>>> print(open('query09.txt').read())   # compact mmCIF, C-alpha atoms
# COMPACT_ATOMS: atom_id res chain seq x y z
CA MET A 3 -0.16 -88.81 32.98
CA ASN A 4 -3.43 -87.53 31.56
CA PHE A 5 -2.99 -86.71 27.89
CA ALA A 6 -5.28 -84.33 26.00
CA ILE A 7 -5.05 -86.53 22.93
CA GLU A 8 -3.63 -89.99 22.57
CA THR A 9 -3.64 -92.07 19.39
CA VAL A 10 -3.31 -95.82 19.54
CA ASN A 11 -2.23 -97.62 16.37
CA LEU A 12 -3.97 -94.95 14.27
CA ASN A 13 -4.34 -95.79 10.59
CA VAL A 14 -6.10 -93.74 7.94
CA TYR A 15 -6.89 -94.88 4.41
CA TYR A 16 -8.20 -92.90 1.45
CA GLY A 17 -9.56 -95.73 -0.66
CA GLN A 18 -6.52 -97.95 -1.29
CA ASN A 19 -4.12 -95.25 -0.12
CA HIS A 20 -2.67 -95.88 3.34
CA VAL A 21 -1.91 -92.32 4.48
CA ILE A 22 -1.42 -92.63 8.27
CA LYS A 23 0.47 -95.75 9.26
CA GLY A 24 0.09 -97.12 12.77
CA VAL A 25 0.78 -93.90 14.67
CA ASP A 26 0.98 -93.92 18.48
CA LEU A 27 1.15 -90.35 19.70
CA LYS A 28 0.62 -88.74 23.08
CA ILE A 29 -0.18 -85.03 23.23
CA PRO A 30 0.20 -83.54 26.73
CA ASN A 31 -2.53 -81.39 28.22
CA ARG A 32 -1.94 -77.63 27.77
CA GLY A 33 0.81 -76.26 25.59
CA VAL A 34 1.51 -76.06 21.88
CA PHE A 35 2.12 -79.35 20.13
CA ALA A 36 3.37 -78.99 16.55
CA LEU A 37 2.90 -81.60 13.84
CA MET A 38 5.47 -80.92 11.16
CA GLY A 39 6.52 -82.61 7.99
CA PRO A 40 6.74 -82.06 4.24
CA SER A 41 3.64 -81.64 2.06
CA GLY A 42 1.69 -84.87 1.75
CA CYS A 43 3.14 -86.48 4.89
CA GLY A 44 -0.31 -86.82 6.46
CA LYS A 45 -0.17 -84.09 9.09
CA SER A 46 -3.44 -82.40 8.09
CA THR A 47 -5.13 -85.78 7.74
CA MET A 48 -4.01 -86.71 11.22
CA LEU A 49 -5.28 -83.41 12.62
CA ARG A 50 -8.69 -84.14 11.12
CA THR A 51 -8.89 -87.43 12.97
CA PHE A 52 -8.66 -85.55 16.28
CA ASN A 53 -12.18 -84.08 15.91
CA ARG A 54 -13.60 -86.66 13.48
CA LEU A 55 -13.68 -84.07 10.72
CA ILE A 56 -12.02 -86.73 8.59
CA GLU A 57 -15.41 -88.46 8.34
CA LEU A 58 -16.71 -85.67 6.08
CA ASN A 59 -14.42 -87.14 3.44
CA GLU A 60 -16.41 -90.10 2.12
CA GLY A 61 -13.40 -92.07 0.92
CA ALA A 62 -11.62 -91.91 4.26
CA ARG A 63 -11.46 -94.83 6.70
CA VAL A 64 -9.99 -94.63 10.20
CA ASP A 65 -8.64 -97.61 12.17
CA GLY A 66 -7.30 -97.55 15.71
CA GLU A 67 -8.16 -95.15 18.50
CA VAL A 68 -8.03 -91.44 19.17
CA ARG A 69 -8.52 -90.77 22.86
CA LEU A 70 -9.64 -87.35 24.01
CA PHE A 71 -8.72 -87.08 27.68
CA GLY A 72 -8.77 -90.86 27.85
CA GLU A 73 -12.05 -91.44 25.97
CA ASN A 74 -11.95 -93.09 22.54
CA ILE A 75 -13.82 -90.67 20.27
CA TYR A 76 -14.30 -93.39 17.65
CA SER A 77 -16.32 -95.71 19.88
CA GLY A 78 -19.88 -96.28 18.68
CA ASP A 79 -21.65 -94.26 21.36
CA VAL A 80 -19.74 -91.02 20.77
CA ASP A 81 -21.48 -88.24 18.85
CA PRO A 82 -19.02 -86.53 16.47
CA ILE A 83 -20.87 -83.22 16.86
CA GLU A 84 -20.16 -83.30 20.61
CA VAL A 85 -16.50 -84.09 19.87
CA ARG A 86 -16.26 -81.06 17.58
CA LYS A 87 -17.67 -78.81 20.30
CA ARG A 88 -14.85 -79.93 22.58
CA VAL A 89 -12.18 -79.76 19.88
CA GLY A 90 -12.22 -76.48 17.95
CA MET A 91 -10.54 -76.00 14.61
CA VAL A 92 -8.88 -73.18 12.70
CA PHE A 93 -7.99 -73.62 9.04
CA GLN A 94 -5.31 -72.41 6.68
CA TYR A 95 -7.59 -69.88 4.98
CA PRO A 96 -9.36 -67.54 7.42
CA ASN A 97 -13.00 -68.43 6.87
CA PRO A 98 -15.30 -66.12 8.81
CA PHE A 99 -18.90 -66.09 7.57
CA PRO A 100 -18.84 -63.15 5.14
CA HIS A 101 -22.57 -62.40 5.52
CA LEU A 102 -22.41 -62.17 9.31
CA THR A 103 -21.09 -59.22 11.30
CA ILE A 104 -17.94 -59.51 13.40
CA TYR A 105 -20.18 -59.88 16.46
CA ASP A 106 -22.35 -62.55 14.91
CA ASN A 107 -19.39 -64.52 13.64
CA VAL A 108 -18.36 -65.07 17.25
CA ALA A 109 -21.90 -65.44 18.56
CA ILE A 110 -23.28 -67.88 16.02
CA GLY A 111 -21.98 -71.11 17.55
CA LEU A 112 -23.26 -70.06 20.96
CA LYS A 113 -26.71 -69.19 19.57
CA LEU A 114 -27.09 -72.34 17.48
CA ASN A 115 -26.10 -74.56 20.37
CA GLY A 116 -28.09 -72.64 22.98
CA LEU A 117 -25.03 -72.22 25.13
CA VAL A 118 -26.01 -68.86 26.63
CA LYS A 119 -29.16 -67.89 28.44
CA SER A 120 -29.43 -64.17 27.77
CA LYS A 121 -28.32 -61.36 25.48
CA GLU A 122 -26.09 -60.05 28.30
CA GLU A 123 -24.40 -63.41 28.66
CA LEU A 124 -23.91 -63.57 24.88
CA ASP A 125 -22.38 -60.06 24.86
CA GLU A 126 -20.06 -61.05 27.65
CA ARG A 127 -18.95 -64.25 25.96
CA VAL A 128 -18.35 -62.48 22.60
CA GLU A 129 -16.24 -59.83 24.33
CA TRP A 130 -14.37 -62.51 26.30
CA ALA A 131 -13.61 -64.53 23.14
CA LEU A 132 -12.48 -61.48 21.17
CA LYS A 133 -10.24 -60.46 24.06
CA LYS A 134 -8.81 -63.97 24.32
CA ALA A 135 -8.07 -63.86 20.59
CA ALA A 136 -6.31 -60.48 21.03
CA LEU A 137 -8.74 -58.81 18.63
CA TRP A 138 -11.09 -56.89 20.95
CA ASP A 139 -9.19 -53.60 20.95
CA GLU A 140 -9.12 -53.55 17.16
CA VAL A 141 -12.83 -54.31 16.60
CA LYS A 142 -14.72 -53.19 19.72
CA ASP A 143 -16.00 -50.05 17.95
CA ARG A 144 -17.01 -51.87 14.78
CA LEU A 145 -18.68 -55.05 15.94
CA ASN A 146 -21.43 -54.57 13.38
CA ASP A 147 -18.99 -54.34 10.48
CA TYR A 148 -18.50 -57.30 8.20
CA PRO A 149 -15.28 -59.34 8.24
CA GLY A 150 -14.54 -58.36 4.64
CA ASN A 151 -13.13 -55.10 6.05
CA LEU A 152 -10.61 -56.91 8.26
CA SER A 153 -7.02 -57.80 7.32
CA GLY A 154 -6.07 -61.44 6.80
CA GLY A 155 -4.47 -61.63 10.23
CA GLN A 156 -7.51 -60.02 11.88
CA ARG A 157 -9.84 -62.44 10.09
CA GLN A 158 -7.80 -65.37 11.32
CA ARG A 159 -7.98 -64.04 14.89
CA LEU A 160 -11.75 -63.60 14.41
CA VAL A 161 -11.98 -67.27 13.47
CA ILE A 162 -9.91 -68.14 16.54
CA ALA A 163 -12.36 -66.08 18.65
CA ARG A 164 -15.26 -67.96 17.06
CA ALA A 165 -13.63 -71.26 18.05
CA LEU A 166 -12.76 -70.05 21.57
CA ALA A 167 -16.31 -68.80 22.21
CA MET A 168 -17.40 -72.44 22.35
CA LYS A 169 -14.91 -72.95 25.20
CA PRO A 170 -13.23 -75.95 23.62
CA GLU A 171 -10.72 -78.09 25.49
CA VAL A 172 -8.44 -78.50 22.49
CA LEU A 173 -7.77 -76.17 19.59
CA LEU A 174 -6.57 -77.65 16.29
CA MET A 175 -4.83 -75.28 13.89
CA ASP A 176 -4.03 -76.31 10.35
CA GLU A 177 -1.25 -74.02 9.10
CA PRO A 178 -3.05 -70.97 10.55
CA THR A 179 -0.47 -68.47 9.33
CA ALA A 180 0.18 -69.88 5.86
CA ASN A 181 -1.77 -67.05 4.23
CA ILE A 182 -1.04 -64.26 6.69
CA ASP A 183 1.58 -61.51 6.35
CA PRO A 184 4.59 -61.42 8.76
CA VAL A 185 2.99 -58.91 11.16
CA GLY A 186 -0.22 -60.94 11.34
CA THR A 187 1.82 -64.12 11.74
CA ALA A 188 3.75 -62.64 14.67
CA LYS A 189 0.46 -61.63 16.35
CA ILE A 190 -1.00 -65.10 15.97
CA GLU A 191 2.21 -66.71 17.27
CA GLU A 192 2.13 -64.40 20.31
CA LEU A 193 -1.51 -65.33 20.79
CA LEU A 194 -0.59 -69.03 20.82
CA LEU A 195 1.78 -68.39 23.72
CA GLU A 196 -1.08 -66.80 25.70
CA LEU A 197 -3.65 -69.44 24.82
CA LYS A 198 -1.46 -72.38 25.70
CA GLU A 199 -1.79 -71.51 29.38
CA ASP A 200 -5.44 -72.63 29.20
CA TYR A 201 -5.70 -74.85 26.14
CA THR A 202 -4.06 -77.70 24.35
CA ILE A 203 -3.17 -76.42 20.90
CA VAL A 204 -2.24 -78.82 18.12
CA LEU A 205 -0.59 -76.87 15.33
CA VAL A 206 0.11 -78.23 11.88
CA THR A 207 2.94 -76.41 10.20
CA HIS A 208 5.26 -77.04 7.28
CA SER A 209 7.71 -74.54 8.77
CA PRO A 210 10.28 -75.98 11.18
CA ALA A 211 11.18 -72.38 12.07
CA GLN A 212 7.61 -71.71 13.21
CA ALA A 213 7.49 -74.94 15.19
CA ALA A 214 10.80 -73.96 16.81
CA ARG A 215 9.38 -70.56 17.76
CA VAL A 216 6.10 -71.59 19.32
CA ALA A 217 5.94 -75.31 20.12
CA ASP A 218 6.58 -77.03 23.42
CA HIS A 219 6.53 -80.46 21.80
CA VAL A 220 7.07 -81.45 18.19
CA ALA A 221 6.25 -84.52 16.14
CA PHE A 222 7.79 -85.14 12.74
CA LEU A 223 5.72 -87.12 10.24
CA TYR A 224 7.09 -88.51 7.01
CA LEU A 225 5.10 -90.52 4.45
CA GLY A 226 2.40 -91.19 7.03
CA GLU A 227 4.76 -92.50 9.69
CA LEU A 228 5.67 -90.87 12.96
CA ILE A 229 9.43 -90.54 12.73
CA GLU A 230 10.21 -88.62 15.89
CA VAL A 231 8.44 -86.87 18.75
CA GLY A 232 9.78 -84.98 21.74
CA PRO A 233 10.30 -81.64 23.45
CA ALA A 234 10.87 -78.94 20.82
CA ARG A 235 14.24 -77.98 22.23
CA LYS A 236 15.50 -81.56 22.00
CA VAL A 237 14.18 -82.15 18.48
CA PHE A 238 15.61 -78.89 17.14
CA GLU A 239 18.92 -79.06 18.94
CA ASN A 240 19.66 -82.73 18.65
CA PRO A 241 17.18 -84.80 16.65
CA GLU A 242 17.45 -88.55 17.14
CA HIS A 243 16.53 -89.59 13.62
CA GLU A 244 18.52 -88.80 10.50
CA LEU A 245 15.34 -87.99 8.55
CA THR A 246 14.34 -85.40 11.17
CA GLU A 247 17.81 -83.87 11.00
CA LYS A 248 17.53 -83.63 7.22
CA TYR A 249 14.03 -82.14 7.38
CA VAL A 250 14.76 -79.45 9.98
CA THR A 251 18.03 -78.42 8.35
CA GLY A 252 16.37 -78.18 4.94
CA ALA A 253 18.41 -81.00 3.44
CA LEU A 254 15.47 -83.35 2.81
CA GLY A 255 14.42 -83.91 -0.78
CA MET B 6 18.73 -71.55 1.30
CA ARG B 7 20.53 -74.75 2.24
CA LYS B 8 23.32 -73.75 -0.11
CA LEU B 9 23.63 -70.25 1.36
CA LEU B 10 23.85 -71.68 4.87
CA ASP B 11 26.53 -74.11 3.65
CA ILE B 12 28.55 -71.21 2.23
CA GLY B 13 28.34 -69.41 5.59
CA GLU B 14 29.40 -72.49 7.52
CA GLU B 15 32.32 -72.98 5.13
CA GLN B 16 33.44 -69.40 5.84
CA LEU B 17 33.36 -70.17 9.57
CA ARG B 18 35.34 -73.36 9.02
CA LYS B 19 38.06 -71.46 7.12
CA LEU B 20 38.31 -68.76 9.76
CA ILE B 21 38.56 -71.31 12.57
CA ASN B 22 41.30 -73.17 10.67
CA GLU B 23 43.24 -69.94 10.23
CA MET B 24 42.79 -69.10 13.91
CA GLY B 25 43.94 -72.61 14.85
CA SER B 26 47.11 -72.36 12.85
CA ASP B 27 47.85 -68.89 14.30
CA ALA B 28 47.18 -70.05 17.86
CA LEU B 29 49.59 -72.92 17.37
CA ASN B 30 52.25 -70.54 15.99
CA SER B 31 51.89 -68.27 18.98
CA LEU B 32 52.37 -71.23 21.32
CA GLU B 33 55.50 -72.34 19.47
CA ASN B 34 56.78 -68.74 19.58
CA ALA B 35 56.13 -68.64 23.32
CA ARG B 36 58.32 -71.69 23.71
CA LYS B 37 61.13 -70.05 21.71
CA SER B 38 60.94 -67.01 23.97
CA LEU B 39 62.37 -69.17 26.78
CA LYS B 40 65.53 -69.34 24.68
CA GLY B 41 65.62 -65.57 24.29
CA GLU B 42 63.99 -65.56 20.87
CA PHE B 43 61.14 -63.07 21.02
CA ASN B 44 58.59 -63.23 18.24
CA SER B 45 55.28 -61.69 17.54
CA THR B 46 52.86 -63.36 19.95
CA GLU B 47 51.24 -60.02 20.70
CA GLU B 48 50.56 -59.35 17.04
CA ILE B 49 49.16 -62.84 16.56
CA SER B 50 46.88 -62.36 19.54
CA SER B 51 45.62 -59.04 18.15
CA LYS B 52 44.94 -60.73 14.83
CA LEU B 53 43.01 -63.52 16.57
CA HIS B 54 40.94 -60.90 18.34
CA LEU B 55 39.89 -59.51 14.95
CA LEU B 56 39.24 -62.97 13.51
CA ARG B 57 37.09 -63.83 16.51
CA ASN B 58 34.99 -60.74 15.85
CA GLU B 59 34.64 -61.86 12.26
CA VAL B 60 33.46 -65.30 13.43
CA LEU B 61 30.91 -63.61 15.70
CA ASP B 62 29.64 -61.43 12.85
CA ILE B 63 29.21 -64.33 10.43
CA ALA B 64 27.65 -66.58 13.09
CA THR B 65 25.20 -63.87 14.09
CA GLU B 66 24.25 -63.24 10.50
CA LEU B 67 23.67 -66.95 9.87
CA LEU B 68 21.52 -67.23 13.00
CA VAL B 69 19.43 -64.21 12.04
CA ARG B 70 19.07 -65.02 8.36
CA TYR B 71 18.48 -68.76 8.40
CA SER B 72 17.27 -69.72 11.91
CA PRO B 73 19.46 -72.84 11.74
CA VAL B 74 18.67 -75.85 13.91
CA ALA B 75 20.07 -79.28 14.76
CA SER B 76 23.67 -79.96 13.57
CA ASP B 77 23.83 -76.57 11.78
CA LEU B 78 22.93 -74.75 14.99
CA ARG B 79 25.36 -76.83 17.03
CA PHE B 80 28.19 -76.13 14.58
CA ILE B 81 27.56 -72.38 14.57
CA GLN B 82 27.28 -72.19 18.39
CA SER B 83 30.47 -74.22 18.69
CA SER B 84 32.36 -72.06 16.19
CA ILE B 85 31.70 -69.07 18.45
CA ASP B 86 33.02 -70.97 21.48
CA VAL B 87 36.02 -72.42 19.67
CA SER B 88 37.02 -69.01 18.30
CA TYR B 89 37.07 -67.77 21.89
CA ASP B 90 39.18 -70.75 23.02
CA LEU B 91 41.71 -70.15 20.24
CA TYR B 92 41.90 -66.45 21.01
CA ARG B 93 42.50 -67.22 24.71
CA ILE B 94 45.23 -69.72 23.80
CA SER B 95 47.04 -66.95 21.92
CA ARG B 96 46.62 -64.61 24.92
CA TYR B 97 48.22 -67.12 27.30
CA ALA B 98 51.05 -67.67 24.78
CA MET B 99 51.55 -63.90 24.75
CA GLU B 100 51.67 -63.90 28.56
CA ILE B 101 54.38 -66.57 28.54
CA GLU B 102 56.49 -64.54 26.12
CA ARG B 103 55.98 -61.39 28.19
CA THR B 104 56.98 -63.24 31.38
CA ALA B 105 60.11 -64.59 29.67
CA LYS B 106 60.96 -61.11 28.43
CA ILE B 107 60.57 -59.36 31.79
CA VAL B 108 61.58 -62.03 34.30
CA GLY B 109 63.68 -64.30 32.14
CA ALA B 110 63.04 -68.03 32.08
CA GLU B 111 64.69 -71.29 31.24
CA GLU B 112 63.17 -74.40 29.79
CA SER B 113 63.30 -76.80 32.72
CA GLU B 114 62.50 -80.49 32.18
CA LEU B 115 59.04 -79.85 33.58
CA ILE B 116 58.39 -76.92 31.24
CA LYS B 117 59.82 -78.85 28.29
CA GLU B 118 57.39 -81.70 28.89
CA GLY B 119 54.59 -79.21 29.56
CA PHE B 120 55.16 -77.45 26.23
CA GLU B 121 55.36 -80.71 24.28
CA LEU B 122 52.07 -81.92 25.76
CA THR B 123 50.33 -78.57 25.34
CA ILE B 124 51.38 -78.24 21.71
CA GLU B 125 50.11 -81.79 21.12
CA ALA B 126 46.81 -80.88 22.83
CA VAL B 127 46.29 -77.76 20.72
CA LYS B 128 47.19 -79.60 17.48
CA THR B 129 44.83 -82.45 18.37
CA ALA B 130 42.01 -80.01 19.22
CA ILE B 131 42.39 -78.07 15.96
CA GLU B 132 42.43 -81.24 13.86
CA ALA B 133 39.50 -82.69 15.80
CA PHE B 134 37.37 -79.61 15.09
CA GLU B 135 38.46 -79.45 11.47
CA ASN B 136 37.48 -83.08 10.87
CA LEU B 137 34.73 -83.18 13.52
CA ASP B 138 36.46 -86.24 14.95
CA GLU B 139 35.01 -86.87 18.38
CA VAL B 140 37.42 -89.74 19.09
CA SER B 141 40.20 -87.19 19.65
CA ALA B 142 38.20 -85.58 22.45
CA GLY B 143 39.06 -88.56 24.68
CA LYS B 144 42.75 -88.11 23.88
CA LEU B 145 42.48 -84.44 24.87
CA LEU B 146 41.10 -85.39 28.28
CA GLU B 147 44.04 -87.68 28.82
CA ILE B 148 46.60 -84.99 27.83
CA ASP B 149 44.83 -82.45 30.03
CA ASN B 150 45.15 -84.74 33.05
CA ARG B 151 48.87 -85.13 32.43
CA ILE B 152 49.34 -81.36 32.15
CA ASP B 153 47.36 -80.89 35.35
CA ASP B 154 49.76 -83.26 37.09
CA LEU B 155 52.73 -81.26 35.80
CA TYR B 156 51.17 -78.04 37.02
CA ILE B 157 50.59 -79.49 40.49
CA GLN B 158 54.18 -80.68 40.50
CA SER B 159 55.34 -77.15 39.67
CA LEU B 160 53.35 -75.84 42.64
CA GLU B 161 54.96 -78.44 44.89
CA ASN B 162 58.38 -77.40 43.56
CA LEU B 163 57.46 -73.85 44.43
CA LYS B 164 56.59 -74.83 47.98
CA SER B 165 59.84 -76.72 48.49
CA LEU B 166 61.79 -74.01 46.68
CA ALA B 167 63.08 -76.69 44.32
CA SER B 168 62.56 -74.48 41.29
CA SER B 169 61.95 -70.87 40.33
CA PRO B 170 58.47 -69.35 40.71
CA VAL B 171 58.60 -68.62 36.95
CA GLU B 172 58.28 -72.35 36.29
CA ALA B 173 54.95 -72.46 38.16
CA LEU B 174 53.80 -69.30 36.42
CA ILE B 175 54.51 -70.71 32.97
CA MET B 176 53.00 -74.09 33.88
CA ARG B 177 49.90 -72.25 35.03
CA HIS B 178 49.54 -70.68 31.56
CA LEU B 179 50.14 -74.04 29.86
CA GLU B 180 47.52 -75.65 32.08
CA ARG B 181 44.99 -72.98 31.02
CA ILE B 182 45.87 -73.48 27.34
CA SER B 183 45.36 -77.21 27.66
CA ASP B 184 42.02 -76.58 29.34
CA HIS B 185 40.87 -74.54 26.33
CA ALA B 186 42.06 -77.36 24.00
CA LYS B 187 39.97 -79.79 26.06
CA GLU B 188 36.94 -77.48 25.70
CA ILE B 189 37.39 -77.53 21.91
CA GLY B 190 37.24 -81.34 22.14
CA ALA B 191 34.01 -81.06 24.11
CA ARG B 192 32.51 -78.87 21.38
CA VAL B 193 33.41 -81.51 18.77
CA VAL B 194 31.40 -84.07 20.75
CA TYR B 195 28.54 -81.56 20.98
CA VAL B 196 28.51 -80.89 17.23
CA LYS B 197 28.65 -84.58 16.37
CA GLU B 198 26.42 -86.11 19.01
CA GLY B 199 24.49 -83.24 20.59
CA LYS B 200 25.83 -84.23 24.01
CA ARG B 201 27.29 -81.64 26.34
CA VAL B 202 30.34 -83.15 28.04
>>> encode(input="query09.txt", output="structure tokens")
Amino acid sequence: MNFAIETVNLNVYYGQNHVIKGVDLKIPNRGVFALMGPSGCGKSTMLRTFNRLIELNEGARVDGEVRLFGENIYSGDVDPIEVRKRVGMVFQYPNPFPHLTIYDNVAIGLKLNGLVKSKEELDERVEWALKKAALWDEVKDRLNDYPGNLSGGQRQRLVIARALAMKPEVLLMDEPTANIDPVGTAKIEELLLELKEDYTIVLVTHSPAQAARVADHVAFLYLGELIEVGPARKVFENPEHELTEKYVTGALG
Amino acid sequence: MRKLLDIGEEQLRKLINEMGSDALNSLENARKSLKGEFNSTEEISSKLHLLRNEVLDIATELLVRYSPVASDLRFIQSSIDVSYDLYRISRYAMEIERTAKIVGAEESELIKEGFELTIEAVKTAIEAFENLDEVSAGKLLEIDNRIDDLYIQSLENLKSLASSPVEALIMRHLERISDHAKEIGARVVYVKEGKRV
């Protein structure tokens, strides 16, 4: 089977701290894959190894392999910038560029990377990305407004549109609804169900309930170790490991 | 939140225990009806209908409020199923009493054995669910097979006119009751191990 992401004996250290401990994980192509676990278990760190964003942290060291569609992204000849074009990322705090208009927020990556040949093509791609992110209808008449006028949920969908405009193969989301109200959260969760038809989405969440709602597969991390991984239905109905059972039922800690 | 969910599950446990004890009473009353002693199986069954609705209400509230998963979810799902099984047991007991009242019936050897086994099955099922003891589920399968054999024998007696049709009718109800007891055993296995048997 061709996996979107596969880790082989993945270890991450922050200085002397061993934060990801020998994880072997296979993430199937297309669908929502949730990484869940309590705060500090290493889930966000692991997500950052999937697009080499971890390297921006000077104290971090990565051992082992992360394969993106079979190719080890940590081998010497791989350019991390190219990896990040293929693997988009959405963060916990919606972070559109405040000084750019809604239109330019989506267009900027395309312009900087010379990915479109004409203004018409750029317009088309911006509209496509905003539609994919389920935001087009709400902003089509105010594309020249600034994102400061958008709600938290709209800003997060704008950031998703910005990531989608680059046509990534994988979308990483680090607790994308942690700072969004329930209505905005529901919209983003619905959006995930649409996007998973075309993309592999890796979602970090500290909420088992959210993972149960949206994920096809779930992995449970605890103190840097992969405790359990499997289809969401199996993990939430009948977890194999006692620690997983305790975590999902709220009895851990 | 964990504590609130625990309180809800405890409420379900209490209701199921009460339903179990009532279902067993109705079965014992059904047996007495064969000796002309008519008790309140209909009332018990009506009460179990109300208790089942209460189980459904609490279970629904727990599902909506807490989105339970894993063993919590399995227990709540199973409580709904078991409350239905216990209600049905009381309905079949009521049917036996009604049959005895209208047609008249005697406790033949076959029926005697059938009642003893069925009462044992229901007791075992109730205790198994109360203690979540999956070992008893195997015992329930064994009892159910024996009751099945008795039921088939009653049908053969019917064919050869060796006994009254009432015997087969009552055995049919006992066979259904035992089947519900077996289902309760299956739910115990599901709660404990997550396996559907």
>>> interface_residues(input="query09.txt", of="chain B", to="chain A", cutoff="8 Å", atoms="only C-alpha atoms", output="PyMOL selection string")
chain B and resi 6-7+72-79+198-199
>>> residues_around(input="query09.txt", residues="range 98-106 of chain A", least_positions_apart="2", cutoff="7 Å", atoms="all atoms listed in the file", output="list in words")
Pro96, Val108, Ala109, Ile110, Val128, Leu145, Asn146, Asp147, Tyr148, Pro149, Gly150, Arg157 and Val161 of chain A
>>> closest_residue(input="query09.txt", among="B:Leu61, B:Leu145, B:Leu39, B:Ile182", to="Arg96 in chain B", atoms="only C-alpha atoms")
B:Ile182
>>> residues_around(input="query09.txt", residues="Leu137 in chain B", least_positions_apart="2", cutoff="12 Å", atoms="all atoms listed in the file", output="list in words")
Arg18, Ser76, Arg79, Phe80, Ser83, Ser84, Thr129, Ala130, Ile131, Glu132, Ala133, Phe134, Glu135, Glu139, Val140, Ser141, Ala142, Ile189, Gly190, Ala191, Arg192, Val193, Val194, Tyr195, Val196, Lys197 and Glu198 of chain B
>>> closest_residue(input="query09.txt", among="A:Glu126, A:Glu67, A:Glu177, A:Glu244", to="Phe222 in chain A", atoms="only C-alpha atoms")
A:Glu244
>>> closest_residue(input="query09.txt", among="B:Arg181, B:Leu174, B:Ala110, B:Leu68", to="Gln82 in chain B", atoms="only C-alpha atoms")
B:Leu68
>>> atom_distance(input="query09.txt", atom1="CA of His54 in chain B", atom2="CA of Ala173 in chain B")
26.9 Å
>>> residues_around(input="query09.txt", residues="Lys113 in chain A", least_positions_apart="3", cutoff="12 Å", atoms="all atoms listed in the file", output="PyMOL selection string")
chain A and resi 105-110+116-121+123-125+127-128+164+167-168
>>> residues_around(input="query09.txt", residues="Pro170 in chain B", least_positions_apart="6", cutoff="9 Å", atoms="all atoms listed in the file", output="MDAnalysis selection string")
chainID B and resid 159:160 162:163
>>> residues_near_point(input="query09.txt", point="(1.2, -79.9, 26.3)", cutoff="10 Å", atoms="all atoms listed in the file", output="PyMOL selection string")
chain A and resi 5-7+28-35+198-199+201-204+217-219+233
>>> write_last_selection(input="query09.txt", atoms="C-alpha atoms", output="PDB file, in the coordinates of the input")
ATOM      1  CA  PHE A   5      -2.990 -86.710  27.890  1.00  0.00           C
ATOM      2  CA  ALA A   6      -5.280 -84.330  26.000  1.00  0.00           C
ATOM      3  CA  ILE A   7      -5.050 -86.530  22.930  1.00  0.00           C
ATOM      4  CA  LYS A  28       0.620 -88.740  23.080  1.00  0.00           C
ATOM      5  CA  ILE A  29      -0.180 -85.030  23.230  1.00  0.00           C
ATOM      6  CA  PRO A  30       0.200 -83.540  26.730  1.00  0.00           C
ATOM      7  CA  ASN A  31      -2.530 -81.390  28.220  1.00  0.00           C
ATOM      8  CA  ARG A  32      -1.940 -77.630  27.770  1.00  0.00           C
ATOM      9  CA  GLY A  33       0.810 -76.260  25.590  1.00  0.00           C
ATOM     10  CA  VAL A  34       1.510 -76.060  21.880  1.00  0.00           C
ATOM     11  CA  PHE A  35       2.120 -79.350  20.130  1.00  0.00           C
ATOM     12  CA  LYS A 198      -1.460 -72.380  25.700  1.00  0.00           C
ATOM     13  CA  GLU A 199      -1.790 -71.510  29.380  1.00  0.00           C
ATOM     14  CA  TYR A 201      -5.700 -74.850  26.140  1.00  0.00           C
ATOM     15  CA  THR A 202      -4.060 -77.700  24.350  1.00  0.00           C
ATOM     16  CA  ILE A 203      -3.170 -76.420  20.900  1.00  0.00           C
ATOM     17  CA  VAL A 204      -2.240 -78.820  18.120  1.00  0.00           C
ATOM     18  CA  ALA A 217       5.940 -75.310  20.120  1.00  0.00           C
ATOM     19  CA  ASP A 218       6.580 -77.030  23.420  1.00  0.00           C
ATOM     20  CA  HIS A 219       6.530 -80.460  21.800  1.00  0.00           C
ATOM     21  CA  PRO A 233      10.300 -81.640  23.450  1.00  0.00           C
TER      22      PRO A 233
END
>>> residues_near_point(input="query09.txt", point="(-16.5, -96.8, 18.8)", cutoff="12 Å", atoms="all atoms listed in the file", output="NGL selection string")
:A and (54 or 64-69 or 73-82)
>>> atom_distance(input="query09.txt", atom1="CA of Lys189 in chain A", atom2="CA of Tyr71 in chain B")
20.9 Å
>>> decode(input="query09.txt", residues="range 61-66 of chain B", atoms="N, CA and C atoms", output="short mmCIF file (atom, residue, chain, number, x, y, z; two decimals), in the first residue's frame")
data_model
loop_
_atom_site.label_atom_id
_atom_site.label_comp_id
_atom_site.auth_asym_id
_atom_site.auth_seq_id
_atom_site.Cartn_x
_atom_site.Cartn_y
_atom_site.Cartn_z
N LEU B 61 -33.81 4.48 28.58
CA LEU B 61 -33.58 5.14 27.29
C LEU B 61 -33.31 6.63 27.47
N ASP B 62 -34.09 7.26 28.36
CA ASP B 62 -33.90 8.71 28.59
C ASP B 62 -32.51 9.00 29.15
N ILE B 63 -32.13 8.22 30.17
CA ILE B 63 -30.82 8.48 30.80
C ILE B 63 -29.69 8.20 29.80
N ALA B 64 -29.82 7.07 29.08
CA ALA B 64 -28.77 6.71 28.11
C ALA B 64 -28.64 7.79 27.05
N THR B 65 -29.77 8.27 26.56
CA THR B 65 -29.73 9.31 25.52
C THR B 65 -29.06 10.57 26.06
N GLU B 66 -29.43 10.92 27.27
CA GLU B 66 -28.83 12.12 27.86
C GLU B 66 -27.33 11.97 28.02
#
